file upload_37.cif (mmCIF, C-alpha atoms and all ligand atoms)
data_final
#
loop_
_atom_site.label_atom_id
_atom_site.label_comp_id
_atom_site.auth_asym_id
_atom_site.auth_seq_id
_atom_site.Cartn_x
_atom_site.Cartn_y
_atom_site.Cartn_z
CA MET A 1107 0.00 0.00 0.00
CA ARG A 1108 1.19 3.49 -0.75
CA ALA A 1109 2.04 5.77 2.14
CA PRO A 1110 -0.50 8.60 2.56
CA LEU A 1111 0.59 11.96 1.24
CA LYS A 1112 2.12 14.21 3.87
CA PRO A 1113 1.08 17.88 3.80
CA LEU A 1114 4.05 20.19 3.25
CA ASP A 1115 3.48 21.99 6.56
CA ASP A 1116 3.66 18.67 8.43
CA ALA A 1117 6.80 17.67 6.55
CA LEU A 1118 8.37 21.02 7.37
CA ALA A 1119 7.44 20.78 11.05
CA ASP A 1120 8.93 17.27 11.28
CA LEU A 1121 12.06 18.37 9.49
CA LEU A 1122 12.56 21.52 11.57
CA ALA A 1123 12.10 19.50 14.75
CA GLN A 1124 15.31 17.70 13.72
CA ALA A 1125 17.20 20.89 12.82
CA LEU A 1126 18.83 21.74 16.13
CA PRO A 1127 21.26 24.63 15.74
CA LEU A 1128 24.80 23.37 15.18
CA ALA A 1129 27.23 23.58 18.05
CA GLY A 1130 30.16 25.92 17.60
CA ASP A 1131 30.50 29.37 16.17
CA ASP A 1132 32.94 31.58 14.33
CA THR A 1133 34.08 35.05 15.22
CA VAL A 1134 34.51 36.93 11.98
CA ASP A 1135 35.48 40.37 10.89
CA SER A 1136 32.28 42.39 10.25
CA PHE A 1137 33.55 42.97 6.73
CA ASP A 1138 33.20 39.22 6.08
CA ALA A 1139 29.89 38.66 7.85
CA ASP A 1140 27.46 39.24 4.98
CA GLY A 1141 24.98 36.33 4.91
CA ARG A 1142 26.22 34.86 8.20
CA VAL A 1143 23.85 34.33 11.12
CA LEU A 1144 24.43 36.36 14.25
CA ARG A 1145 24.90 34.19 17.34
CA GLU A 1146 24.38 36.76 20.11
CA ASP A 1147 22.35 39.95 20.38
CA ALA A 1148 24.22 43.06 19.26
CA ILE A 1149 23.57 45.57 22.06
CA SER A 1150 24.52 49.17 21.65
CA PRO A 1151 27.04 50.59 24.11
CA LEU A 1152 26.32 54.12 22.89
CA GLN A 1153 23.80 56.53 21.40
CA VAL A 1154 23.67 56.86 17.62
CA PRO A 1155 24.06 59.63 16.69
CA PRO A 1156 26.25 60.23 19.76
CA GLN A 1157 25.11 63.86 20.15
CA ASP A 1158 22.60 66.29 18.65
CA ASN A 1159 23.98 67.30 15.27
CA SER A 1160 23.09 69.36 12.28
CA ALA A 1161 21.17 67.85 9.38
CA MET A 1162 22.14 70.77 7.11
CA ASP A 1163 24.90 73.13 6.12
CA GLY A 1164 23.78 76.46 7.59
CA TYR A 1165 23.69 78.34 10.88
CA ALA A 1166 22.98 77.19 14.42
CA VAL A 1167 20.73 79.76 16.11
CA ARG A 1168 18.56 80.53 19.10
CA SER A 1169 15.19 80.39 17.36
CA ALA A 1170 13.65 83.12 19.58
CA GLU A 1171 16.34 85.56 18.39
CA CYS A 1172 15.30 84.99 14.77
CA ALA A 1173 11.57 85.48 15.38
CA PRO A 1174 11.18 88.59 13.18
CA GLY A 1175 12.22 86.57 10.10
CA ASP A 1176 14.97 88.98 9.07
CA ALA A 1177 17.31 89.00 12.06
CA VAL A 1178 20.87 90.15 11.38
CA LEU A 1179 23.38 88.52 13.70
CA PRO A 1180 27.16 88.15 13.93
CA VAL A 1181 28.83 84.76 13.42
CA SER A 1182 30.65 83.82 16.64
CA GLN A 1183 32.17 80.47 15.63
CA ARG A 1184 32.55 77.92 12.86
CA ILE A 1185 31.77 74.24 13.57
CA PRO A 1186 32.74 71.68 10.93
CA ALA A 1187 31.77 68.00 11.31
CA GLY A 1188 34.02 66.35 13.85
CA SER A 1189 34.72 69.38 16.04
CA PRO A 1190 32.80 69.97 19.25
CA GLY A 1191 32.10 73.76 19.15
CA GLN A 1192 31.60 76.13 22.09
CA PRO A 1193 28.38 77.21 23.83
CA LEU A 1194 26.59 79.66 21.55
CA GLU A 1195 27.01 83.25 22.73
CA PRO A 1196 23.64 85.02 23.05
CA GLY A 1197 22.89 87.35 20.15
CA THR A 1198 25.09 85.40 17.70
CA VAL A 1199 24.84 82.45 15.32
CA ALA A 1200 27.36 79.68 14.56
CA ARG A 1201 28.35 78.61 11.07
CA ILE A 1202 27.69 74.85 11.06
CA PHE A 1203 27.98 71.94 8.65
CA THR A 1204 26.09 68.68 8.19
CA GLY A 1205 26.91 66.19 10.93
CA ALA A 1206 28.59 68.76 13.22
CA PRO A 1207 27.49 68.81 16.89
CA VAL A 1208 24.90 71.47 17.70
CA PRO A 1209 26.52 73.88 20.19
CA PRO A 1210 24.91 74.19 23.64
CA GLY A 1211 22.43 77.07 23.63
CA ALA A 1212 21.42 76.69 19.97
CA ASP A 1213 17.99 75.16 19.44
CA ALA A 1214 17.61 75.21 15.65
CA ILE A 1215 19.55 75.10 12.41
CA VAL A 1216 18.72 77.46 9.56
CA MET A 1217 19.81 76.06 6.22
CA GLN A 1218 22.25 78.24 4.36
CA GLU A 1219 19.82 78.71 1.45
CA ASP A 1220 17.65 80.76 3.88
CA CYS A 1221 20.55 82.97 4.98
CA GLU A 1222 22.52 85.79 3.47
CA ALA A 1223 26.15 86.38 4.41
CA LEU A 1224 26.64 90.17 4.60
CA GLU A 1225 29.87 91.94 3.72
CA ASP A 1226 30.46 92.98 7.30
CA GLY A 1227 30.62 89.31 8.36
CA ARG A 1228 27.15 89.19 9.85
CA VAL A 1229 24.34 87.01 8.56
CA ARG A 1230 20.75 87.83 7.73
CA ILE A 1231 18.37 85.00 8.63
CA ASN A 1232 15.55 85.14 6.08
CA ALA A 1233 13.33 82.62 7.85
CA ARG A 1234 11.57 82.07 11.15
CA PRO A 1235 13.11 78.84 12.44
CA GLU A 1236 11.05 76.47 14.52
CA ALA A 1237 12.74 75.25 17.66
CA GLY A 1238 14.39 71.91 16.90
CA GLN A 1239 14.42 72.20 13.14
CA TRP A 1240 17.17 70.39 11.21
CA ILE A 1241 18.60 68.91 14.37
CA ARG A 1242 19.19 65.16 14.42
CA ARG A 1243 18.75 64.12 18.02
CA SER A 1244 21.23 62.05 19.97
CA GLY A 1245 19.99 58.45 19.99
CA GLU A 1246 17.32 59.02 17.34
CA ASP A 1247 18.68 56.01 15.41
CA ILE A 1248 19.87 53.84 18.31
CA ARG A 1249 19.59 54.25 22.09
CA ARG A 1250 22.30 53.06 24.44
CA GLY A 1251 21.41 49.56 25.67
CA ALA A 1252 19.07 48.79 22.77
CA THR A 1253 19.26 45.43 20.97
CA VAL A 1254 20.25 46.55 17.53
CA ILE A 1255 20.38 43.14 15.84
CA ALA A 1256 18.86 40.05 17.46
CA ALA A 1257 20.66 36.71 17.69
CA GLY A 1258 19.42 34.48 14.87
CA THR A 1259 19.35 37.29 12.31
CA ARG A 1260 20.89 36.55 8.95
CA LEU A 1261 23.11 39.54 8.32
CA SER A 1262 22.58 41.66 5.23
CA PRO A 1263 24.55 44.70 4.09
CA ALA A 1264 22.45 47.21 6.07
CA GLU A 1265 23.02 45.19 9.25
CA LEU A 1266 26.77 45.17 8.72
CA GLY A 1267 26.61 48.96 8.61
CA LEU A 1268 24.41 49.01 11.69
CA ALA A 1269 26.85 46.78 13.59
CA ALA A 1270 29.68 49.10 12.58
CA SER A 1271 27.68 52.13 13.75
CA ILE A 1272 27.77 50.78 17.31
CA GLY A 1273 31.48 50.06 17.06
CA LEU A 1274 31.45 46.31 16.38
CA ALA A 1275 34.39 45.18 14.26
CA ARG A 1276 34.05 41.43 14.95
CA LEU A 1277 30.86 39.41 15.14
CA LYS A 1278 30.07 36.03 16.64
CA VAL A 1279 28.22 34.06 13.97
CA ALA A 1280 27.00 30.49 13.53
CA ARG A 1281 29.47 28.23 11.85
CA ARG A 1282 28.67 27.27 8.30
CA PRO A 1283 26.86 23.93 7.93
CA ARG A 1284 29.13 21.45 6.16
CA VAL A 1285 27.17 19.69 3.47
CA ALA A 1286 28.20 16.65 1.42
CA LEU A 1287 26.48 16.62 -1.94
CA PHE A 1288 25.88 13.38 -3.86
CA SER A 1289 24.08 12.68 -7.09
CA THR A 1290 22.58 9.33 -8.02
CA GLY A 1291 21.74 7.91 -11.41
CA ASP A 1292 23.74 5.89 -13.93
CA GLU A 1293 22.40 8.11 -16.71
CA LEU A 1294 24.22 11.16 -15.37
CA VAL A 1295 27.26 12.65 -17.04
CA MET A 1296 29.22 15.60 -15.71
CA PRO A 1297 29.40 18.44 -18.23
CA GLY A 1298 32.96 18.79 -19.40
CA THR A 1299 33.67 15.06 -19.33
CA ILE A 1300 31.82 14.08 -22.52
CA ALA A 1301 31.07 16.48 -25.37
CA PRO A 1302 27.37 16.90 -26.28
CA GLU A 1303 27.83 15.19 -29.66
CA GLN A 1304 29.44 12.17 -28.01
CA MET A 1305 26.84 11.60 -25.29
CA PRO A 1306 25.85 7.92 -25.18
CA PRO A 1307 22.18 7.19 -25.81
CA GLY A 1308 20.10 7.56 -22.66
CA SER A 1309 22.61 9.75 -20.86
CA ILE A 1310 21.92 13.26 -19.64
CA TYR A 1311 24.05 15.93 -18.05
CA ASN A 1312 23.96 16.25 -14.30
CA SER A 1313 22.23 19.58 -13.82
CA ASN A 1314 20.99 19.14 -10.24
CA ARG A 1315 24.48 19.11 -8.85
CA PHE A 1316 25.11 22.59 -10.18
CA PHE A 1317 22.06 24.33 -8.83
CA LEU A 1318 22.05 22.42 -5.53
CA ARG A 1319 25.62 23.42 -4.85
CA ALA A 1320 24.89 27.06 -5.64
CA LEU A 1321 21.70 27.01 -3.56
CA LEU A 1322 23.54 25.54 -0.58
CA GLN A 1323 26.27 28.13 -0.88
CA ARG A 1324 23.71 30.93 -0.98
CA MET A 1325 22.24 29.55 2.24
CA GLY A 1326 25.63 29.85 3.92
CA CYS A 1327 26.79 26.24 3.61
CA GLU A 1328 30.23 24.86 2.87
CA VAL A 1329 29.77 22.23 0.20
CA THR A 1330 31.87 19.16 -0.51
CA ASP A 1331 31.00 17.55 -3.81
CA PHE A 1332 31.16 13.75 -3.64
CA GLY A 1333 30.15 13.42 -7.26
CA ILE A 1334 28.00 10.59 -8.51
CA VAL A 1335 27.39 7.78 -6.03
CA PRO A 1336 29.21 4.66 -7.13
CA ASP A 1337 27.13 1.85 -8.46
CA ARG A 1338 28.04 -0.68 -5.75
CA ARG A 1339 26.56 -1.18 -2.32
CA GLU A 1340 29.86 -1.35 -0.43
CA ALA A 1341 31.30 1.70 -2.18
CA THR A 1342 28.13 3.64 -1.39
CA VAL A 1343 28.29 2.68 2.29
CA ASP A 1344 31.94 3.74 2.41
CA ALA A 1345 31.21 7.06 0.74
CA LEU A 1346 28.34 7.83 3.12
CA ARG A 1347 30.38 6.82 6.16
CA GLU A 1348 33.23 9.03 5.00
CA ALA A 1349 30.85 11.95 4.33
CA ALA A 1350 29.13 11.60 7.72
CA ARG A 1351 32.43 11.86 9.55
CA SER A 1352 33.05 15.48 8.64
CA HIS A 1353 29.66 16.82 7.51
CA ASP A 1354 26.48 17.98 9.18
CA LEU A 1355 24.22 17.09 6.27
CA ILE A 1356 24.40 14.66 3.38
CA LEU A 1357 22.23 15.79 0.49
CA THR A 1358 21.46 13.59 -2.50
CA SER A 1359 19.25 13.98 -5.50
CA GLY A 1360 17.51 11.16 -7.34
CA GLY A 1361 16.71 7.65 -6.30
CA VAL A 1362 14.01 8.36 -3.74
CA SER A 1363 11.03 7.45 -5.91
CA VAL A 1364 8.76 4.66 -4.74
CA GLY A 1365 10.10 1.21 -5.57
CA GLU A 1366 13.22 2.46 -7.27
CA GLU A 1367 16.33 0.30 -7.37
CA ASP A 1368 19.23 2.20 -6.03
CA HIS A 1369 22.01 1.90 -3.49
CA VAL A 1370 21.54 4.97 -1.42
CA LYS A 1371 18.44 3.94 0.50
CA PRO A 1372 19.77 0.58 1.77
CA ALA A 1373 23.18 2.11 2.42
CA VAL A 1374 21.70 4.87 4.60
CA GLN A 1375 19.55 2.29 6.38
CA ALA A 1376 22.62 0.17 7.06
CA LEU A 1377 24.38 3.14 8.67
CA GLY A 1378 21.45 4.72 10.45
CA GLN A 1379 17.86 5.24 9.56
CA LEU A 1380 15.77 6.59 6.71
CA ASP A 1381 12.16 7.67 6.27
CA LEU A 1382 10.65 8.07 2.85
CA TRP A 1383 7.95 10.69 2.68
CA GLN A 1384 5.42 11.39 -0.03
CA VAL A 1385 5.00 15.13 0.36
CA ALA A 1386 1.75 16.51 -1.04
CA ILE A 1387 3.37 19.05 -3.34
CA LYS A 1388 3.85 19.34 -7.06
CA PRO A 1389 6.49 19.32 -8.30
CA GLY A 1390 8.20 17.37 -5.55
CA LYS A 1391 6.53 14.52 -3.69
CA PRO A 1392 9.26 11.94 -2.98
CA PHE A 1393 11.55 13.09 -0.21
CA ALA A 1394 13.75 11.22 2.23
CA TYR A 1395 14.96 12.22 5.65
CA GLY A 1396 17.26 10.21 7.87
CA HIS A 1397 20.46 9.94 9.88
CA VAL A 1398 23.85 8.48 9.09
CA ARG A 1399 25.67 7.49 12.27
CA ARG A 1400 29.22 8.59 12.85
CA SER A 1401 31.46 5.85 14.08
CA GLY A 1402 34.49 5.81 16.30
CA GLY A 1403 36.77 8.28 18.03
CA ASP A 1404 35.42 11.63 19.03
CA ALA A 1405 33.14 11.80 16.01
CA GLU A 1406 30.03 10.65 17.84
CA GLY A 1407 26.55 11.55 16.79
CA PHE A 1408 25.15 11.53 13.30
CA ALA A 1409 24.91 13.46 10.06
CA HIS A 1410 21.48 14.44 8.78
CA PHE A 1411 20.52 12.82 5.50
CA ILE A 1412 18.15 14.39 2.98
CA GLY A 1413 17.27 12.78 -0.33
CA LEU A 1414 15.64 14.98 -2.95
CA PRO A 1415 13.78 13.81 -6.03
CA GLY A 1416 15.78 13.59 -9.24
CA ASN A 1417 13.61 15.57 -11.59
CA PRO A 1418 15.32 18.93 -11.78
CA VAL A 1419 12.34 21.16 -10.96
CA SER A 1420 11.22 18.78 -8.21
CA SER A 1421 14.69 18.94 -6.77
CA PHE A 1422 14.78 22.73 -7.06
CA VAL A 1423 11.35 23.27 -5.46
CA THR A 1424 11.81 20.75 -2.63
CA PHE A 1425 15.13 22.37 -1.87
CA LEU A 1426 13.47 25.78 -1.58
CA MET A 1427 10.51 24.58 0.46
CA LEU A 1428 12.23 22.09 2.78
CA VAL A 1429 16.03 22.14 2.63
CA ARG A 1430 16.35 25.92 2.69
CA PRO A 1431 14.45 26.29 6.01
CA PHE A 1432 16.35 23.29 7.37
CA VAL A 1433 19.86 24.61 6.67
CA LEU A 1434 18.92 28.08 7.86
CA ARG A 1435 17.62 26.63 11.13
CA LEU A 1436 20.88 24.67 11.55
CA GLN A 1437 22.47 28.12 11.67
CA GLY A 1438 20.00 29.31 14.29
CA VAL A 1439 17.81 31.43 12.00
CA GLN A 1440 14.36 31.85 13.52
CA GLN A 1441 12.49 33.26 10.52
CA VAL A 1442 13.04 30.47 8.02
CA LEU A 1443 9.74 30.50 6.15
CA PRO A 1444 9.44 32.47 2.92
CA ARG A 1445 7.04 35.40 2.97
CA PRO A 1446 4.40 35.19 0.24
CA VAL A 1447 2.73 38.26 -1.20
CA GLU A 1448 -0.62 38.61 -2.92
CA ALA A 1449 -0.46 39.09 -6.67
CA ARG A 1450 -2.81 39.05 -9.63
CA ALA A 1451 -2.78 36.10 -11.99
CA GLU A 1452 -3.01 36.87 -15.67
CA PHE A 1453 -3.37 33.25 -16.64
CA ALA A 1454 -5.79 30.37 -16.28
CA TRP A 1455 -5.04 27.15 -14.41
CA PRO A 1456 -8.29 25.28 -14.80
CA ARG A 1457 -7.27 21.77 -13.71
CA ALA A 1458 -5.51 22.19 -10.40
CA ASP A 1459 -3.84 19.18 -8.84
CA LYS A 1460 -5.01 17.68 -5.55
CA ARG A 1461 -1.52 18.40 -4.23
CA ARG A 1462 -0.34 21.91 -3.31
CA GLU A 1463 1.33 23.24 -6.45
CA PHE A 1464 4.25 25.60 -6.97
CA LEU A 1465 3.71 27.10 -10.40
CA ARG A 1466 6.60 28.88 -12.07
CA VAL A 1467 5.48 32.38 -13.02
CA ARG A 1468 6.86 35.75 -13.82
CA TYR A 1469 5.78 39.36 -13.68
CA ASN A 1470 4.70 40.95 -16.90
CA GLY A 1471 4.93 44.67 -17.65
CA SER A 1472 1.71 45.46 -15.77
CA GLY A 1473 2.74 43.78 -12.53
CA ALA A 1474 0.55 40.70 -13.00
CA LEU A 1475 1.79 37.12 -13.16
CA GLU A 1476 2.22 35.02 -16.27
CA LEU A 1477 2.59 31.27 -16.28
CA PHE A 1478 5.44 29.38 -17.90
CA ARG A 1479 3.95 27.34 -20.73
CA ASN A 1480 5.35 23.99 -19.56
CA GLN A 1481 5.00 23.13 -15.85
CA SER A 1482 6.58 19.68 -16.17
CA SER A 1483 8.93 18.73 -13.34
CA GLY A 1484 11.64 17.96 -15.89
CA VAL A 1485 11.63 21.39 -17.52
CA LEU A 1486 14.25 23.41 -15.68
CA THR A 1487 13.77 26.31 -18.10
CA SER A 1488 10.65 27.18 -16.09
CA ALA A 1489 12.76 27.91 -13.00
CA ALA A 1490 15.24 30.04 -14.92
CA TRP A 1491 12.45 31.92 -16.73
CA GLY A 1492 10.39 32.52 -13.58
CA ASP A 1493 10.54 35.33 -11.05
CA GLY A 1494 9.11 32.94 -8.48
CA VAL A 1495 6.29 30.53 -7.79
CA VAL A 1496 2.59 30.72 -7.15
CA ASP A 1497 1.86 28.72 -4.01
CA ASN A 1498 -1.49 27.26 -5.05
CA PRO A 1499 -3.66 25.36 -2.54
CA PRO A 1500 -4.77 21.81 -3.39
CA GLY A 1501 -7.57 21.64 -5.93
CA GLN A 1502 -7.82 25.39 -6.45
CA SER A 1503 -8.31 26.44 -10.06
CA ILE A 1504 -7.11 29.87 -11.14
CA ALA A 1505 -8.85 32.25 -13.53
CA PRO A 1506 -7.31 35.41 -15.01
CA GLY A 1507 -7.72 38.27 -12.52
CA ASP A 1508 -7.65 36.02 -9.45
CA THR A 1509 -5.51 36.94 -6.48
CA VAL A 1510 -2.85 34.31 -5.78
CA ARG A 1511 -0.05 33.77 -3.28
CA PHE A 1512 3.31 34.53 -4.87
CA ILE A 1513 6.75 33.72 -3.48
CA ALA A 1514 9.58 35.51 -5.25
CA PHE A 1515 12.83 33.74 -6.06
CA SER A 1516 14.56 36.89 -4.79
CA GLU A 1517 13.11 35.95 -1.39
CA LEU A 1518 13.90 32.26 -1.69
CA LEU A 1519 17.39 32.54 -3.10
CA SER A 1520 18.76 35.17 -0.75
P1 LIG A 1601 14.90 9.70 -10.07
O1 LIG A 1601 14.36 10.54 -8.95
O2 LIG A 1601 16.24 9.17 -9.79
O3 LIG A 1601 13.90 8.65 -10.45
O4 LIG A 1601 15.05 10.65 -11.32
C1 LIG A 1601 13.94 11.26 -11.91
C2 LIG A 1601 14.36 11.97 -13.17
O5 LIG A 1601 15.30 12.97 -12.88
C3 LIG A 1601 15.04 11.05 -14.18
O6 LIG A 1601 14.61 11.45 -15.47
C4 LIG A 1601 16.50 11.36 -14.00
O7 LIG A 1601 17.24 11.15 -15.17
C5 LIG A 1601 16.47 12.83 -13.64
N1 LIG A 1601 17.62 13.17 -12.83
C6 LIG A 1601 18.01 12.56 -11.71
N2 LIG A 1601 19.12 13.13 -11.21
C7 LIG A 1601 19.43 14.15 -12.03
C8 LIG A 1601 20.47 15.10 -12.06
N3 LIG A 1601 21.42 15.14 -11.10
N4 LIG A 1601 20.49 16.00 -13.07
C9 LIG A 1601 19.53 15.98 -14.01
N5 LIG A 1601 18.52 15.11 -14.04
C10 LIG A 1601 18.47 14.18 -13.08
MG MG A 1602 17.56 7.88 -10.58
#
call {"tool": "encode", "arguments": {"input": "upload_37.cif", "output": "structure tokens"}}
result
Amino acid sequence: MRAPLKPLDDALADLLAQALPLAGDDTVDSFDADGRVLREDAISPLQVPPQDNSAMDGYAVRSAECAPGDAVLPVSQRIPAGSPGQPLEPGTVARIFTGAPVPPGADAIVMQEDCEALEDGRVRINARPEAGQWIRRSGEDIRRGATVIAAGTRLSPAELGLAASIGLARLKVARRPRVALFSTGDELVMPGTIAPEQMPPGSIYNSNRFFLRALLQRMGCEVTDFGIVPDRREATVDALREAARSHDLILTSGGVSVGEEDHVKPAVQALGQLDLWQVAIKPGKPFAYGHVRRSGGDAEGFAHFIGLPGNPVSSFVTFLMLVRPFVLRLQGVQQVLPRPVEARAEFAWPRADKRREFLRVRYNGSGALELFRNQSSGVLTSAAWGDGVVDNPPGQSIAPGDTVRFIAFSELLS
């Protein structure tokens, strides 16, 4: 009897329950921390900006002294960015530049476009400044003691700048998951080894290995490529045992379909344990999760094992929906689920599958979604052509103009 289909959300919950954050961390230069996952809260030891400062080139004034709108006042000091300035003498203004500290006593900045420098050195203020105008307040970006970036955040360029703004030069981040990548399938040929015109009948190029490796790297993993799994049981067991010793995850593609003859399943079972799931998604469905025990010495424990389907789009989509959250969670990321947005379909999908479908679509010029003409799980062109996928509930047909749930590749691949 066939196993019942497992809803994607259940599969994800089961998988994430296994994804305990990896032990160990790295301390890296902030310059090298893009894409890494912060291990401890970044707490600000100071106010940013550190003191009230000018948002404009102009004049620091006492606003009450400029109330008439045409006050003429002498310039008592000049304050460029980086110099502290003196208390503002009553009845005077201070020449000031963007980013320079506002001198004590001044309560507003008048931009230089609203001022006229007179020949005698005084300045006419052609405006009635409001108290507080053009002053950036101390701590308006960050208050001392505030958590600026929470542990578990995947760092992006803005966060690197934010960390620098509170003086952090080194950051404690999760170590990169070490992933061993295997392909299965006697039909597979590595590009570069046999020229297209010499390909034996029935053979195809190994495309999964290329996108899986790149996807893993984008998710912060260190990838070791074990190539194509050898065609013998003992060799497969040896390769898996070797991979488990120094990797956190062993990822394979192909060979997890129901009833398929291949060496990976029995080899994983011999070294640990393996569950085959039929996930209720399309493309996708066959998926394997298990453990490969580490043997001997100090290398106790196990490596996670994930087997993806072989069809390229199935492999691609199951990676994005299941493996991506899994490897992010290994790094301690809390928010691992992609955020869908509502979008308008400009296509018809009259015969929806009873499984949840991920349709490859792209935006047209008017901001609506178009469907790739061939949604077959073997047609990898759909994933390259698409801007993302429509996450379509089981059995739900789509008519032009309908609102659908869209998940952008820019969200999934970053
Ligand atoms: P399988 O899951 O092994 O039954 O494979 C399903 C389909 O995907 C077959 O047509 C395979 O030839 C194809 N396939 C499996 N692995 C790869 C791969 N690494 N690159 C491209 N196609 C693959
Ligand atoms: Mg196969």
call {"tool": "residues_around", "arguments": {"input": "upload_37.cif", "residues": "Ser1483 of chain A", "least_positions_apart": "5", "cutoff": "8 Å", "atoms": "only C-alpha atoms", "output": "VMD selection string"}}
result
chain A and resid 1389 to 1390 1417 to 1420
call {"tool": "residues_near_ligand", "arguments": {"input": "upload_37.cif", "ligand": "ligand LIG 1601 (chain A)", "cutoff": "10 Å", "atoms": "all atoms listed in the file", "output": "PyMOL selection string"}}
result
chain A and resi 1288-1296+1308-1318+1333-1334+1358-1368+1390+1392-1393+1413-1421+1483-1486
call {"tool": "atom_distance", "arguments": {"input": "upload_37.cif", "atom1": "atom CA of Ala1451 of chain A", "atom2": "atom CA of Leu1426 of chain A"}}
result
21.9 Å
call {"tool": "atom_distance", "arguments": {"input": "upload_37.cif", "atom1": "atom CA of Thr1198 of chain A", "atom2": "atom CA of Ala1170 of chain A"}}
result
11.8 Å
call {"tool": "closest_residue", "arguments": {"input": "upload_37.cif", "among": "A:Leu1122, A:Leu1266, A:Val1510, A:Val1335", "to": "ligand MG 1602 (chain A)", "atoms": "all atoms listed in the file"}}
result
A:Val1335
call {"tool": "closest_residue", "arguments": {"input": "upload_37.cif", "among": "A:Asp1459, A:Asp1508, A:Asp1147, A:Asp1337", "to": "ligand MG 1602 (chain A)", "atoms": "all atoms listed in the file"}}
result
A:Asp1337
call {"tool": "residues_around", "arguments": {"input": "upload_37.cif", "residues": "segment 1320-1322 of chain A", "least_positions_apart": "4", "cutoff": "12 Å", "atoms": "all atoms listed in the file", "output": "VMD selection string"}}
result
chain A and resid 1282 to 1287 1313 to 1316 1326 to 1331 1355 to 1357 1421 to 1426 1429 to 1434 1515 1518 to 1520
call {"tool": "residues_near_point", "arguments": {"input": "upload_37.cif", "point": "(9.8, 28.1, -13.0)", "cutoff": "10 Å", "atoms": "all atoms listed in the file", "output": "PyMOL selection string"}}
result
chain A and resi 1419+1422-1423+1464-1468+1477-1483+1485-1496+1515
